[in-house]
Amino acid sequence: MKAPQARHLTALSLLTLALPIALTSPAILAQDAGWYGGVSLGKTHTDIQSSSLRSALQAARYTVTNLDVDDNDAGWKVLGGYHFNQNYAVEATYADLGNFDAHATLLPAAFQRGKASVHGYGVDLVATVPLTDRFSAFGRVGINNLRISQSFSNSAIGAYFADRDDRGMHEKYGAGLEYTFSKALQLRAELEHYRIDDNRVIDDHIGMLSIGLTYRFGARDAVVAPAVVAAPRAAPAPAPAPAPVTITLAASTLFDFDRSELKPDGRAELDKLVRDLNGLSYEVIIVTGHTDRIGTREYNLGLSQRRAKTVTDYLVAAGIPGTAITARGVNSDDPVTTSQQCTGPVNAALKACLQPDRRVEVEVSGTRDTQ
């Protein structure tokens, strides 16, 4: 038959075209990249080739008085994948799609049973579209290589009923919904359609409705910022501690892009901050430097630390006690923007979009003198 080969070529062509698009997308640089694995359990369904089996039995000079079919079974799959970004991933799977039976009662008095077991491998391109903060829809297109093991009992009635294995490469499609419990753990429900090789028991397709879990390796909901200065805070006073006041200074005002030396406008901004601090009764001042996500983690950590130290040195020179100040840099671990807001290659537009992330925060635990 030519049709299965044509379907296989169509699926392979789609996957060959789609993978380079996903791999060369500018969004591939997003922070959502990473490996994951999962398992799914579900129900499978196909159609038994009842008319072909009846014809083969009649050709063997039997009359079929009854034909019972079992075209449903349980199926499962295990998978491993790689997220290029929040929208595209590639998955490799091993699936067991179950066992399907046909049992014929014959005249002269006899019976004939045929069974097909289906299992094998596949690779898919998966595209995901967020619907809400927790729910996403996804679709898949790929190719599979499935083995159909056919066995017959009481089969001394012709070569058609000899045991045989068939294996072929064909397309598969699917769609589903995903619920995110955390950055690492997701729940999936999906419907998949597998094309399989021609055989003598079942038709050339199997569907599976399944539910499963996926786990993203190395994903965390929150990143703990590394502490640069490990100085302990002062012992708490018996009275309740005052609520901290956080003052955010834009890095573009204090520094040039990718620099840690103060600009004239930055000195003026810090002079205003010093005047404001003179009106406060404070115990602890925490200076935290932040960067955007452009660049490596190591470089951004050093840049954020240098900027925090520059602001600290200026405050100390202006008369703020150095013993009251703790300085630290947290690179890009606490952004103001989201990956959905700022996408694309590194250019002027992306740098402008990420500007709110480049900042220095001064947290003051104290109260303002009202007298």
# chains A, B, ... in the order shown; residues from 1 in each chain; ligands from 1
>>> residues_around(residues="A:Val245", least_positions_apart="3", cutoff="8 Å", atoms="only C-alpha atoms", output="ChimeraX atom specification")
/A:363-366
>>> select_by_dssp(residues="stretch 97-327 of chain A", states="alpha helix (DSSP H)", output="number ranges by chain")
A: 251-254, 264-278, 297-317
>>> closest_residue(among="A:Gly344, A:Gly122, A:Gly42, A:Pro321", to="A:Asn278", atoms="only C-alpha atoms")
A:Pro321
>>> closest_residue(among="A:Lys43, A:His103, A:Arg54, A:His205", to="A:Asp68", atoms="only C-alpha atoms")
A:His103
>>> atom_distance(atom1="atom CA of A:Phe111", atom2="atom CA of A:Thr63")
10.4 Å
>>> residues_around(residues="stretch 164-173 of chain A", least_positions_apart="6", cutoff="7 Å", atoms="only C-alpha atoms", output="NGL selection string")
:A and (7-8 or 11 or 140-151 or 192-197 or 199)
>>> write_last_selection(atoms="C-alpha atoms", output="compact mmCIF listing (two decimals), in the first residue's frame")
# COMPACT_ATOMS: atom_id res chain seq x y z
CA ARG A 7 1.66 9.57 5.60
CA HIS A 8 5.09 8.76 7.07
CA ALA A 11 4.92 13.57 9.22
CA ARG A 140 2.28 17.60 19.36
CA VAL A 141 3.34 16.25 15.96
CA GLY A 142 5.89 13.52 15.51
CA ILE A 143 6.86 10.13 14.18
CA ASN A 144 6.70 6.71 15.83
CA ASN A 145 8.23 3.31 15.19
CA LEU A 146 5.81 0.74 16.63
CA ARG A 147 5.99 -3.04 16.64
CA ILE A 148 2.73 -4.96 16.09
CA SER A 149 3.14 -8.53 17.36
CA GLN A 150 0.35 -10.75 15.92
CA SER A 151 -0.33 -14.21 17.29
CA GLU A 192 -3.05 11.09 20.95
CA HIS A 193 -3.56 9.48 17.56
CA TYR A 194 -0.99 6.93 16.37
CA ARG A 195 -0.69 5.60 12.82
CA ILE A 196 0.67 2.04 12.66
CA ASP A 197 1.77 -0.46 10.02
CA ASN A 199 -1.42 -5.89 9.83
>>> residues_around(residues="stretch 306-309 of chain A", least_positions_apart="4", cutoff="7 Å", atoms="only C-alpha atoms", output="list in words")
Ser260, Val287, Thr288, Gly289, Gly302, Asp313, Ala327, Arg328, Gly329 and Val360 of chain A
>>> write_last_selection(atoms="all heavy atoms", output="PDB file, in the first residue's frame")
ATOM      1  N   SER A 260      29.791  50.386  36.734  1.00  0.00           N
ATOM      2  CA  SER A 260      29.537  50.525  38.165  1.00  0.00           C
ATOM      3  C   SER A 260      30.090  51.829  38.735  1.00  0.00           C
ATOM      4  O   SER A 260      30.111  52.007  39.950  1.00  0.00           O
ATOM      5  CB  SER A 260      30.147  49.324  38.912  1.00  0.00           C
ATOM      6  OG  SER A 260      31.549  49.259  38.700  1.00  0.00           O
ATOM      7  N   VAL A 287      21.721  47.528  51.289  1.00  0.00           N
ATOM      8  CA  VAL A 287      21.856  48.001  49.910  1.00  0.00           C
ATOM      9  C   VAL A 287      21.971  46.767  49.010  1.00  0.00           C
ATOM     10  O   VAL A 287      22.897  45.964  49.176  1.00  0.00           O
ATOM     11  CB  VAL A 287      23.091  48.904  49.750  1.00  0.00           C
ATOM     12  CG1 VAL A 287      23.232  49.350  48.292  1.00  0.00           C
ATOM     13  CG2 VAL A 287      22.993  50.116  50.670  1.00  0.00           C
ATOM     14  N   THR A 288      21.037  46.613  48.055  1.00  0.00           N
ATOM     15  CA  THR A 288      20.988  45.437  47.188  1.00  0.00           C
ATOM     16  C   THR A 288      21.098  45.871  45.728  1.00  0.00           C
ATOM     17  O   THR A 288      20.304  46.681  45.255  1.00  0.00           O
ATOM     18  CB  THR A 288      19.674  44.659  47.374  1.00  0.00           C
ATOM     19  OG1 THR A 288      19.514  44.332  48.757  1.00  0.00           O
ATOM     20  CG2 THR A 288      19.685  43.379  46.542  1.00  0.00           C
ATOM     21  N   GLY A 289      22.098  45.314  45.020  1.00  0.00           N
ATOM     22  CA  GLY A 289      22.265  45.600  43.598  1.00  0.00           C
ATOM     23  C   GLY A 289      21.613  44.525  42.746  1.00  0.00           C
ATOM     24  O   GLY A 289      21.721  43.333  43.045  1.00  0.00           O
ATOM     25  N   GLY A 302      28.818  39.594  39.781  1.00  0.00           N
ATOM     26  CA  GLY A 302      29.902  40.533  40.085  1.00  0.00           C
ATOM     27  C   GLY A 302      29.497  41.976  39.855  1.00  0.00           C
ATOM     28  O   GLY A 302      29.826  42.864  40.650  1.00  0.00           O
ATOM     29  N   ASP A 313      29.768  52.823  49.523  1.00  0.00           N
ATOM     30  CA  ASP A 313      30.924  53.695  49.749  1.00  0.00           C
ATOM     31  C   ASP A 313      30.516  55.168  49.715  1.00  0.00           C
ATOM     32  O   ASP A 313      31.021  55.995  50.502  1.00  0.00           O
ATOM     33  CB  ASP A 313      31.999  53.427  48.696  1.00  0.00           C
ATOM     34  CG  ASP A 313      32.637  52.066  48.856  1.00  0.00           C
ATOM     35  OD1 ASP A 313      32.491  51.465  49.935  1.00  0.00           O
ATOM     36  OD2 ASP A 313      33.295  51.600  47.890  1.00  0.00           O
ATOM     37  N   ALA A 327      25.791  45.380  52.347  1.00  0.00           N
ATOM     38  CA  ALA A 327      25.709  45.456  50.881  1.00  0.00           C
ATOM     39  C   ALA A 327      25.714  44.053  50.299  1.00  0.00           C
ATOM     40  O   ALA A 327      26.413  43.163  50.781  1.00  0.00           O
ATOM     41  CB  ALA A 327      26.890  46.258  50.325  1.00  0.00           C
ATOM     42  N   ARG A 328      24.928  43.862  49.241  1.00  0.00           N
ATOM     43  CA  ARG A 328      24.893  42.558  48.577  1.00  0.00           C
ATOM     44  C   ARG A 328      24.469  42.744  47.121  1.00  0.00           C
ATOM     45  O   ARG A 328      23.832  43.728  46.764  1.00  0.00           O
ATOM     46  CB  ARG A 328      23.923  41.598  49.261  1.00  0.00           C
ATOM     47  CG  ARG A 328      22.472  42.056  49.231  1.00  0.00           C
ATOM     48  CD  ARG A 328      21.553  41.058  49.880  1.00  0.00           C
ATOM     49  NE  ARG A 328      20.155  41.442  49.754  1.00  0.00           N
ATOM     50  CZ  ARG A 328      19.130  40.681  50.133  1.00  0.00           C
ATOM     51  NH1 ARG A 328      19.361  39.503  50.680  1.00  0.00           N
ATOM     52  NH2 ARG A 328      17.889  41.094  49.964  1.00  0.00           N
ATOM     53  N   GLY A 329      24.832  41.773  46.279  1.00  0.00           N
ATOM     54  CA  GLY A 329      24.395  41.741  44.886  1.00  0.00           C
ATOM     55  C   GLY A 329      23.671  40.435  44.619  1.00  0.00           C
ATOM     56  O   GLY A 329      24.093  39.378  45.100  1.00  0.00           O
ATOM     57  N   VAL A 360      19.120  49.594  42.090  1.00  0.00           N
ATOM     58  CA  VAL A 360      19.724  49.423  43.411  1.00  0.00           C
ATOM     59  C   VAL A 360      18.641  49.745  44.426  1.00  0.00           C
ATOM     60  O   VAL A 360      18.018  50.808  44.365  1.00  0.00           O
ATOM     61  CB  VAL A 360      20.947  50.335  43.614  1.00  0.00           C
ATOM     62  CG1 VAL A 360      21.463  50.214  45.042  1.00  0.00           C
ATOM     63  CG2 VAL A 360      22.045  49.992  42.616  1.00  0.00           C
TER      64      VAL A 360
END
>>> closest_residue(among="A:Gly114, A:Gly34, A:Pro108, A:Gly212", to="A:Lys77", atoms="only C-alpha atoms")
A:Gly212
>>> residues_around(residues="A:Phe152", least_positions_apart="5", cutoff="7 Å", atoms="only C-alpha atoms", output="list in words")
Arg113, Gly114, Lys115, Phe161, Ala162 and Asp163 of chain A
>>> closest_residue(among="A:Val78, A:Ala33, A:Leu354, A:Ile48", to="A:Asp203", atoms="only C-alpha atoms")
A:Ile48
>>> atom_distance(atom1="atom CA of A:Tyr282", atom2="atom CA of A:Ala324")
8.5 Å
>>> select_by_dssp(residues="stretch 35-180 of chain A", states="strand (DSSP E)", output="VMD selection string")
chain A and resid 35 to 45 63 to 70 72 to 83 88 to 107 110 to 130 135 to 153 164 to 180
>>> atom_distance(atom1="atom CA of A:Thr105", atom2="atom CA of A:Asp204")
24.9 Å
>>> closest_residue(among="A:Val39, A:Val274, A:Cys342, A:Ala352", to="A:Gly319", atoms="only C-alpha atoms")
A:Val274
>>> residues_around(residues="A:Thr180", least_positions_apart="4", cutoff="7 Å", atoms="only C-alpha atoms", output="VMD selection string")
chain A and resid 134 to 135 185 to 187
>>> write_last_selection(atoms="all heavy atoms", output="PDB file, in the first residue's frame")
ATOM      1  N   ARG A 134      -1.770  29.050  35.532  1.00  0.00           N
ATOM      2  CA  ARG A 134      -1.635  27.635  35.851  1.00  0.00           C
ATOM      3  C   ARG A 134      -1.914  26.706  34.667  1.00  0.00           C
ATOM      4  O   ARG A 134      -1.309  25.643  34.552  1.00  0.00           O
ATOM      5  CB  ARG A 134      -2.599  27.269  36.997  1.00  0.00           C
ATOM      6  CG  ARG A 134      -2.270  27.946  38.319  1.00  0.00           C
ATOM      7  CD  ARG A 134      -1.067  27.301  38.988  1.00  0.00           C
ATOM      8  NE  ARG A 134      -0.784  27.889  40.290  1.00  0.00           N
ATOM      9  CZ  ARG A 134       0.170  27.461  41.106  1.00  0.00           C
ATOM     10  NH1 ARG A 134       0.931  26.440  40.755  1.00  0.00           N
ATOM     11  NH2 ARG A 134       0.387  28.054  42.264  1.00  0.00           N
ATOM     12  N   PHE A 135      -2.848  27.075  33.794  1.00  0.00           N
ATOM     13  CA  PHE A 135      -3.267  26.198  32.711  1.00  0.00           C
ATOM     14  C   PHE A 135      -2.588  26.571  31.398  1.00  0.00           C
ATOM     15  O   PHE A 135      -2.414  27.750  31.089  1.00  0.00           O
ATOM     16  CB  PHE A 135      -4.780  26.256  32.532  1.00  0.00           C
ATOM     17  CG  PHE A 135      -5.547  25.407  33.501  1.00  0.00           C
ATOM     18  CD1 PHE A 135      -6.140  25.983  34.615  1.00  0.00           C
ATOM     19  CD2 PHE A 135      -5.666  24.033  33.315  1.00  0.00           C
ATOM     20  CE1 PHE A 135      -6.847  25.207  35.522  1.00  0.00           C
ATOM     21  CE2 PHE A 135      -6.372  23.247  34.216  1.00  0.00           C
ATOM     22  CZ  PHE A 135      -6.963  23.833  35.320  1.00  0.00           C
ATOM     23  N   LEU A 185       6.700  20.643  38.713  1.00  0.00           N
ATOM     24  CA  LEU A 185       5.740  19.549  38.567  1.00  0.00           C
ATOM     25  C   LEU A 185       4.499  20.006  37.815  1.00  0.00           C
ATOM     26  O   LEU A 185       3.890  21.028  38.167  1.00  0.00           O
ATOM     27  CB  LEU A 185       5.349  19.017  39.950  1.00  0.00           C
ATOM     28  CG  LEU A 185       4.479  17.753  39.968  1.00  0.00           C
ATOM     29  CD1 LEU A 185       5.253  16.572  39.373  1.00  0.00           C
ATOM     30  CD2 LEU A 185       4.036  17.437  41.397  1.00  0.00           C
ATOM     31  N   GLN A 186       4.123  19.227  36.769  1.00  0.00           N
ATOM     32  CA  GLN A 186       2.945  19.536  35.969  1.00  0.00           C
ATOM     33  C   GLN A 186       2.084  18.277  35.794  1.00  0.00           C
ATOM     34  O   GLN A 186       2.600  17.157  35.782  1.00  0.00           O
ATOM     35  CB  GLN A 186       3.329  20.058  34.579  1.00  0.00           C
ATOM     36  CG  GLN A 186       4.047  21.392  34.571  1.00  0.00           C
ATOM     37  CD  GLN A 186       5.523  21.251  34.839  1.00  0.00           C
ATOM     38  OE1 GLN A 186       6.136  20.290  34.401  1.00  0.00           O
ATOM     39  NE2 GLN A 186       6.102  22.190  35.562  1.00  0.00           N
ATOM     40  N   LEU A 187       0.767  18.485  35.671  1.00  0.00           N
ATOM     41  CA  LEU A 187      -0.197  17.418  35.396  1.00  0.00           C
ATOM     42  C   LEU A 187      -0.696  17.589  33.972  1.00  0.00           C
ATOM     43  O   LEU A 187      -1.077  18.695  33.574  1.00  0.00           O
ATOM     44  CB  LEU A 187      -1.366  17.491  36.379  1.00  0.00           C
ATOM     45  CG  LEU A 187      -2.511  16.507  36.139  1.00  0.00           C
ATOM     46  CD1 LEU A 187      -2.059  15.088  36.459  1.00  0.00           C
ATOM     47  CD2 LEU A 187      -3.722  16.879  36.981  1.00  0.00           C
TER      48      LEU A 187
END
